[in-house]
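In what follows, a structure is listed as structure tokens, so that the remarks can point back to it.
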Amino acid sequence: MAQKRKPKLAVWKFASCDGCQLTILDCEDELLTLADKVDISVFLEASRTVKKGPYDISLAEGSITTQHDAERIKKIRKVSKLLIGLGACASAGGIQSLRNFTDVKDFISAVYPSPEYIETLDTSTPFSRHVHVDYELQGCPINKHQLLDVISAFLHGRKPNTTSYSVCIECKRRGNVCVMVAHGIPCMGPVTHAGCSALCPTYNRGCYGCYGPKETPNTASLSSWFKRLGVNEADLVRYFRSYYGNSEHFYKESKIHTKKRD
């Protein structure tokens, strides 16, 4: 009897820090099990081996910041049955989307000694602005357990088990005392998607919002709380313009406080 073909998996990088790819490598023992279930055809972070597509699953991290990448993501989409965006960059443009709020030429001239050699787009955008994305995983970086569940879901023909609640729920499950209520520490947890197991609040630090906005976040209410804690308009803008500053809810809230500051 002919052996059943393993699904082909490819991992791609765009403008990013490689953190989400390193999370895949951090799977360690689970990665060995995964390698037994799928044919890892492209993963330059781990191997020079490159097998031609089409691919059953494409995992892609990073954002679109150049015209070359805008064309490349379209080519990857054509040869991928399932395209999964990994992390803040892929789903919202990442920290590099700070360029979206100003003139990118100001950054180029400040960073590069010969800016005339740099070719880049004015904005940093998620894959979904350019192609259809089947699924997105939040986080900077992503949670390896969520990634493994998404791949497992594909292999077994089921829906992924991902959460839609905020970091506050994770805090309660861990028995954490609320850092904002008890200690007056500004915390993005009430509007931030769960996934990190409330890592920062567990160590008495406010959430930084690195898993992006949860479903229907009440950003106006959180801003009101921050003001009671003495946070000024300029710092409010910074809170909402970090990892997910280009996401719809955080973008709109930051614009409100930009106008008030000006």
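By order of appearance in the structure tokens: chains A, B, ..., then residues from 1 within every chain, and ligands from 1 in the order shown.
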Item to check | Surrounding residues of region 162-173 of chain A excluding itself and chain neighbours under 6 positions, 10 Å, only C-alpha atoms, as a VMD selection string | outcome: chain A and resid 137 146 to 147 149 to 150 179 187 to 202 207 209 211 to 217
Item to check | Exercise: Val42 (chain A) partners within 12 Å, only C-alpha atoms, chain neighbours under 3 positions left out, as a list in words | outcome: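 Counting only C-alpha atoms, the residues come to Lys8, Leu9, Ala10, Val11, Trp12, Lys13, Val38, Asp39, Glu45, Ala46, Ser47, Arg48, Thr49, Val50, Lys51, Lys52, Gly53, Pro54, Tyr55, Asp56, Ile57, Ser58, Leu59, Ala60 and Ile76 of chain A.
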Next on the checklist: Calculated over only C-alpha atoms, which of the candidates A:Lys37, A:Arg77, A:His68, A:Lys255 has the smallest distance to Ala15 (chain A)?
Outcome noted: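 Residue with the minimum atom-to-atom distance to Ala15 (chain A): A:His68.
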Item to check | Nearest to Gly19 (chain A) by atom-to-atom distance, counting only C-alpha atoms, from A:Gly139, A:Gly85, A:Pro7, A:Gly230 | outcome: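 Smallest separation from Gly19 (chain A) among the options: A:Gly139.
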Next on the checklist: Could you tell me how far CA of Glu61 (chain A) sits from CA of Gly87 (chain A), in Å to one decimal place?
Outcome noted: 6.5 Å
